[in-house]
Every structure is written in structure tokens, then in C-alpha cells.
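Have a look at start_17.tsv; it's TSV, C-alpha atoms:
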chain	number	residue	atom	x	y	z
A	936	MET	CA	136.60	236.91	-12.17
A	937	LEU	CA	137.77	235.46	-15.41
A	938	LYS	CA	136.93	237.17	-18.66
A	939	LEU	CA	137.68	236.02	-22.18
A	940	THR	CA	136.81	237.44	-25.54
A	941	ARG	CA	137.48	235.71	-28.83
A	942	ARG	CA	138.88	238.96	-30.13
A	943	PHE	CA	141.53	239.45	-27.50
A	944	LEU	CA	141.60	236.14	-25.59
A	945	ALA	CA	142.64	238.16	-22.58
A	946	LEU	CA	142.79	236.64	-19.14
A	947	LEU	CA	141.85	239.08	-16.42
A	948	LEU	CA	142.19	238.01	-12.83
A	949	VAL	CA	140.88	239.89	-9.86
A	950	PRO	CA	140.93	238.94	-6.24
A	951	VAL	CA	138.62	236.10	-5.41
A	952	VAL	CA	135.73	236.65	-3.08
A	953	ALA	CA	135.79	235.07	0.37
A	954	VAL	CA	133.28	235.87	3.07
A	955	LEU	CA	134.10	234.22	6.36
A	956	VAL	CA	131.20	234.85	8.70
A	957	GLY	CA	127.47	234.31	8.25
A	958	THR	CA	124.78	235.98	10.26
A	959	ALA	CA	121.52	235.12	8.50
A	960	THR	CA	119.31	232.11	8.93
A	961	PRO	CA	120.41	228.78	7.42
A	962	ALA	CA	119.43	228.05	3.82
A	963	GLN	CA	116.93	225.29	3.24
A	964	ALA	CA	119.08	222.59	1.65
A	965	ALA	CA	116.16	220.62	0.24
A	966	SER	CA	114.42	223.54	-1.51
A	967	THR	CA	114.43	223.62	-5.30
A	968	TYR	CA	113.12	226.16	-7.79
A	969	SER	CA	112.54	226.05	-11.53
A	970	VAL	CA	113.88	228.95	-13.59
A	971	ASN	CA	113.64	228.80	-17.41
A	972	GLY	CA	113.10	225.05	-17.14
A	973	VAL	CA	116.25	224.53	-15.05
A	974	THR	CA	115.79	223.23	-11.51
A	975	LEU	CA	117.94	225.28	-9.13
A	976	ASN	CA	118.77	224.73	-5.48
A	977	ALA	CA	117.98	227.51	-2.99
A	978	SER	CA	121.43	229.13	-3.22
A	979	GLU	CA	121.43	229.13	-7.03
A	980	ALA	CA	117.91	230.54	-7.22
A	981	GLY	CA	118.74	233.20	-4.63
A	982	LEU	CA	121.85	234.35	-6.49
A	983	VAL	CA	120.02	234.53	-9.83
A	984	GLY	CA	117.24	236.51	-8.15
A	985	TYR	CA	119.68	239.00	-6.62
A	986	ILE	CA	121.52	239.36	-9.94
A	987	ASN	CA	118.37	240.03	-11.91
A	988	LYS	CA	117.04	242.45	-9.33
A	989	ALA	CA	120.29	244.45	-9.52
A	990	ARG	CA	120.29	244.37	-13.32
A	991	THR	CA	116.64	245.46	-13.53
A	992	ARG	CA	117.26	248.36	-11.11
A	993	ALA	CA	120.11	249.47	-13.41
A	994	GLY	CA	117.87	249.34	-16.49
A	995	LEU	CA	119.47	246.14	-17.82
A	996	ALA	CA	117.69	243.04	-19.09
A	997	PRO	CA	117.73	240.12	-16.67
A	998	VAL	CA	120.01	237.19	-17.47
A	999	ARG	CA	118.35	233.91	-18.42
A	1000	VAL	CA	119.46	230.65	-16.85
A	1001	ALA	CA	120.95	228.40	-19.55
A	1002	ALA	CA	120.91	224.63	-19.03
A	1003	GLY	CA	124.28	223.84	-20.63
A	1004	THR	CA	126.10	226.75	-19.06
A	1005	THR	CA	124.62	225.74	-15.70
A	1006	ASP	CA	126.00	222.21	-16.19
A	1007	VAL	CA	129.49	223.70	-16.65
A	1008	ALA	CA	129.12	225.92	-13.57
A	1009	ARG	CA	127.79	223.08	-11.42
A	1010	ARG	CA	130.63	220.75	-12.31
A	1011	TRP	CA	133.14	223.43	-11.34
A	1012	ALA	CA	131.39	224.34	-8.08
A	1013	ARG	CA	131.35	220.64	-7.15
A	1014	SER	CA	135.05	220.37	-8.00
A	1015	MET	CA	135.90	223.35	-5.77
A	1016	ALA	CA	133.80	221.99	-2.90
A	1017	GLY	CA	135.42	218.56	-3.20
A	1018	ALA	CA	138.91	220.07	-3.17
A	1019	ARG	CA	138.04	222.61	-0.47
A	1020	SER	CA	139.67	225.27	-2.60
A	1021	MET	CA	138.63	228.04	-4.89
A	1022	LYS	CA	140.09	228.78	-8.29
A	1023	HIS	CA	138.90	229.61	-11.77
A	1024	ASN	CA	138.06	226.88	-14.25
A	1025	PRO	CA	140.86	227.12	-16.85
A	1026	ASN	CA	138.66	225.39	-19.45
A	1027	PHE	CA	135.31	227.06	-18.87
A	1028	ALA	CA	135.23	228.91	-22.22
A	1029	SER	CA	135.68	225.74	-24.28
A	1030	GLN	CA	133.28	223.85	-22.00
A	1031	VAL	CA	130.62	226.56	-22.40
A	1032	ALA	CA	131.08	226.40	-26.18
A	1033	LYS	CA	130.38	222.64	-26.10
A	1034	ALA	CA	127.42	223.12	-23.76
A	1035	GLY	CA	125.18	225.25	-25.96
A	1036	SER	CA	127.20	228.37	-26.76
A	1037	PRO	CA	129.37	227.52	-29.78
A	1038	ARG	CA	129.02	231.07	-31.14
A	1039	TRP	CA	129.87	233.05	-28.03
A	1040	THR	CA	131.84	236.24	-28.50
A	1041	LYS	CA	132.12	237.07	-24.81
A	1042	VAL	CA	132.17	234.91	-21.68
A	1043	SER	CA	133.14	235.58	-18.09
A	1044	GLU	CA	133.32	233.67	-14.83
A	1045	ASN	CA	132.85	234.55	-11.17
A	1046	VAL	CA	133.85	232.08	-8.47
A	1047	GLY	CA	133.45	232.56	-4.76
A	1048	TYR	CA	132.57	231.04	-1.43
A	1049	ALA	CA	130.83	232.24	1.68
A	1050	SER	CA	128.85	231.03	4.64
A	1051	ALA	CA	125.99	228.83	3.46
A	1052	CYS	CA	123.72	230.71	5.88
A	1053	SER	CA	122.79	233.18	3.14
A	1054	ALA	CA	123.39	233.46	-0.61
A	1055	LYS	CA	122.89	237.21	-0.13
A	1056	GLN	CA	126.24	237.47	1.64
A	1057	LEU	CA	128.02	236.03	-1.38
A	1058	PHE	CA	126.07	238.24	-3.77
A	1059	ASP	CA	126.96	241.33	-1.72
A	1060	ALA	CA	130.64	240.32	-1.74
A	1061	TYR	CA	130.55	239.91	-5.53
A	1062	MET	CA	128.96	243.35	-5.89
A	1063	ARG	CA	131.69	244.95	-3.71
A	1064	SER	CA	134.37	243.54	-6.06
A	1065	PRO	CA	134.71	245.76	-9.15
A	1066	GLY	CA	135.57	242.89	-11.51
A	1067	HIS	CA	132.82	240.58	-10.29
A	1068	ARG	CA	130.30	243.41	-10.33
A	1069	LYS	CA	131.31	244.25	-13.90
A	1070	ASN	CA	130.55	240.68	-14.99
A	1071	ILE	CA	127.17	240.71	-13.25
A	1072	MET	CA	126.20	244.10	-14.71
A	1073	ASP	CA	127.59	243.57	-18.24
A	1074	ARG	CA	124.75	244.44	-20.64
A	1075	LYS	CA	126.19	242.13	-23.31
A	1076	MET	CA	125.78	239.10	-21.07
A	1077	ARG	CA	122.35	237.62	-21.67
A	1078	PHE	CA	122.70	234.13	-20.16
A	1079	ILE	CA	124.03	232.66	-16.95
A	1080	GLY	CA	125.11	229.26	-15.80
A	1081	ILE	CA	124.95	228.96	-12.04
A	1082	GLY	CA	126.35	226.25	-9.80
A	1083	SER	CA	126.32	226.23	-6.01
A	1084	VAL	CA	127.26	223.54	-3.53
A	1085	ASP	CA	126.61	223.83	0.21
A	1086	ARG	CA	129.25	221.79	1.99
A	1087	SER	CA	129.25	220.94	5.67
A	1088	ASP	CA	132.20	222.11	7.74
A	1089	ARG	CA	132.69	222.11	11.52
A	1090	ALA	CA	134.25	225.59	11.42
A	1091	TRP	CA	131.24	227.09	9.60
A	1092	PRO	CA	127.92	226.88	11.50
A	1093	CYS	CA	125.82	226.69	8.32
A	1094	GLY	CA	128.47	225.11	6.11
A	1095	ILE	CA	130.28	226.64	3.13
A	1096	LEU	CA	128.61	227.73	-0.09
A	1097	TYR	CA	130.91	227.25	-3.10
A	1098	ASN	CA	129.69	229.05	-6.22
A	1099	THR	CA	130.47	229.40	-9.91
A	1100	MET	CA	128.74	231.82	-12.27
A	1101	ASN	CA	129.41	231.58	-16.00
A	1102	PHE	CA	128.08	234.44	-18.11
A	1103	VAL	CA	127.75	234.21	-21.89
A	1104	ASP	CA	126.39	236.46	-24.62
A	1105	SER	CA	124.79	233.74	-26.79
A	1106	TYR	CA	123.15	230.39	-26.13
A	1107	SER	CA	121.36	227.75	-28.18
A	1108	SER	CA	118.41	225.88	-26.75
A	1109	SER	CA	119.44	222.86	-28.86
A	1110	TYR	CA	121.57	221.73	-25.87
A	1111	GLY	CA	118.36	220.52	-24.25
A	1112	LYS	CA	117.71	219.94	-20.57
A	1113	PRO	CA	120.38	220.14	-17.87
A	1114	ARG	CA	122.43	216.98	-17.48
A	1115	VAL	CA	123.88	217.86	-14.07
A	1116	ALA	CA	121.41	217.99	-11.20
A	1117	ALA	CA	121.49	220.73	-8.58
A	1118	TRP	CA	123.44	219.78	-5.47
A	1119	ASN	CA	122.35	220.49	-1.98
A	1120	LEU	CA	124.23	219.86	1.26
A	1121	ILE	CA	127.22	217.57	0.80
A	1122	ASN	CA	128.67	215.83	3.82
A	1123	TYR	CA	132.29	214.90	3.09
Please express the file's structure as C-alpha cells.
Amino acid sequence: MLKLTRRFLALLLVPVVAVLVGTATPAQAASTYSVNGVTLNASEAGLVGYINKARTRAGLAPVRVAAGTTDVARRWARSMAGARSMKHNPNFASQVAKAGSPRWTKVSENVGYASACSAKQLFDAYMRSPGHRKNIMDRKMRFIGIGSVDRSDRAWPCGILYNTMNFVDSYSSSYGKPRVAAWNLINY
């Protein structure tokens, strides 16, 4: 989890989420869903659905998928998948500002990976991590950028799901439509 505020510009790091074994059925790599005018792949749509279900149960407003913030998250998820490593995007706050949120006062980032068999496994791992859960359940966060890449890997029966979530408290629709398409299974 990475959290920044303009007021404090504090960097908070918590352990990254890694789930090594999948037990559910494989995700459908070719499935896409439209949420707030943004086309999401199955993993992205699943994660947003789980997030909003948890927020609604807690009496919080659901987060809205933001096109520009999703572009930032997708670029970072693709970068992690290509490098086969997981780390926070050191520039996500400035990138989010340029991608439709120039007036943000609070942003945060979750990154993780899990078996691509089920986005639910990754969501559950995020929710078990206090810092990641705090980002997901933060009532000030109204928008989300979501990026997920399912990457094939011989050691993982369903492949690996790399994910980035960028949360932001303000967003301008003047950014327009997403410029980075959803990725499905990548065979490196």
C-alpha cells in the first residue's frame, strides 16, 4: 500500500500481498465488462465488484471506475507483469494528477499478485492486510483506477494475476475515455 496526502506527503509502506496457490476455476481471459464507460477485463471487473460489495456492506459509497486513473493502474500492472516483480509505482501520484485528478487531496495505491484462477483470492488477501484494507474502505476515496494483467507461467496452473489499484478522492471527466485497453492473458 502506498498512501500520499498533499498535506503530509507521507510515504507509508506495508507488506505487499502475495498469494501463491489458487483453488478456484480459471478466469475467462476473453471476458470484458463495461463499468462507468470503462471496459474492464474479468479480473478488473471482479475486483471492483468485490470492493464495492464490501464498501456497501460497511455503509460506504461504492467507488467509481475512473478512466484516467485506470490508465495509470494498467500501465503499472503491465510493467510489473513484464518484469515479473511487484513494487509500488513511485510516480503514481503525479501520473494520477495528469490523468484526470489534478485537484486530488488524497491518493493511495495497492499492488499485489495472486493466482489468476480467481480475483477473489487477491481481494481476500488485500482485505486481510490492514493497510490495503484501509485503502479499500477509506470513505474519502470516491474513485478507483484498476489494472490487472493475467500472465502465463508454468509454475502457476492458471497463470499469475498482477494488479494495481489507485484510489483518489477527486476526478474530472474531462480526461475522456480510457487510452489504455484492458489486458487479458499475456504469453511472454
(request) Would you be able to write out as a PyMOL selection string which residues have an atom within 12 Å of (129.1, 235.2, -15.3) in the file's coordinates, counting all atoms listed in the file? (result) chain A and resi 936-939+982-983+986+998-1001+1004-1005+1007-1008+1023+1027-1028+1031+1041-1047+1061+1066-1082+1098-1104
Phe1058 (chain A) environment, 9 Å, all atoms listed in the file, sequence neighbours closer than 2 positions dropped, as a CSV table (one decimal) with C-alpha atoms, in the frame of the given file:
chain,number,residue,atom,x,y,z
A,981,GLY,CA,118.7,233.2,-4.6
A,982,LEU,CA,121.8,234.4,-6.5
A,985,TYR,CA,119.7,239.0,-6.6
A,986,ILE,CA,121.5,239.4,-9.9
A,1054,ALA,CA,123.4,233.5,-0.6
A,1055,LYS,CA,122.9,237.2,-0.1
A,1056,GLN,CA,126.2,237.5,1.6
A,1060,ALA,CA,130.6,240.3,-1.7
A,1061,TYR,CA,130.6,239.9,-5.5
A,1062,MET,CA,129.0,243.4,-5.9
A,1063,ARG,CA,131.7,245.0,-3.7
With 6 Å on each side, where is the centre of the axis-aligned box around all listed atoms of region 1098-1102 of chain A, and how long are its edges in Å to one decimal, as JSON?
{"center_x": 129.3, "center_y": 231.7, "center_z": -12.2, "size_x": 14.4, "size_y": 17.4, "size_z": 23.9}
(request) Can you work out the spacing between CA of Asn1024 (chain A) and CA of Ile1095 (chain A) in Å, to one decimal? (result) 19.0 Å
(request) Record the distance separating CA of Val973 (chain A) and CA of Ser1108 (chain A), expressed in Å with one decimal. (result) 12.0 Å
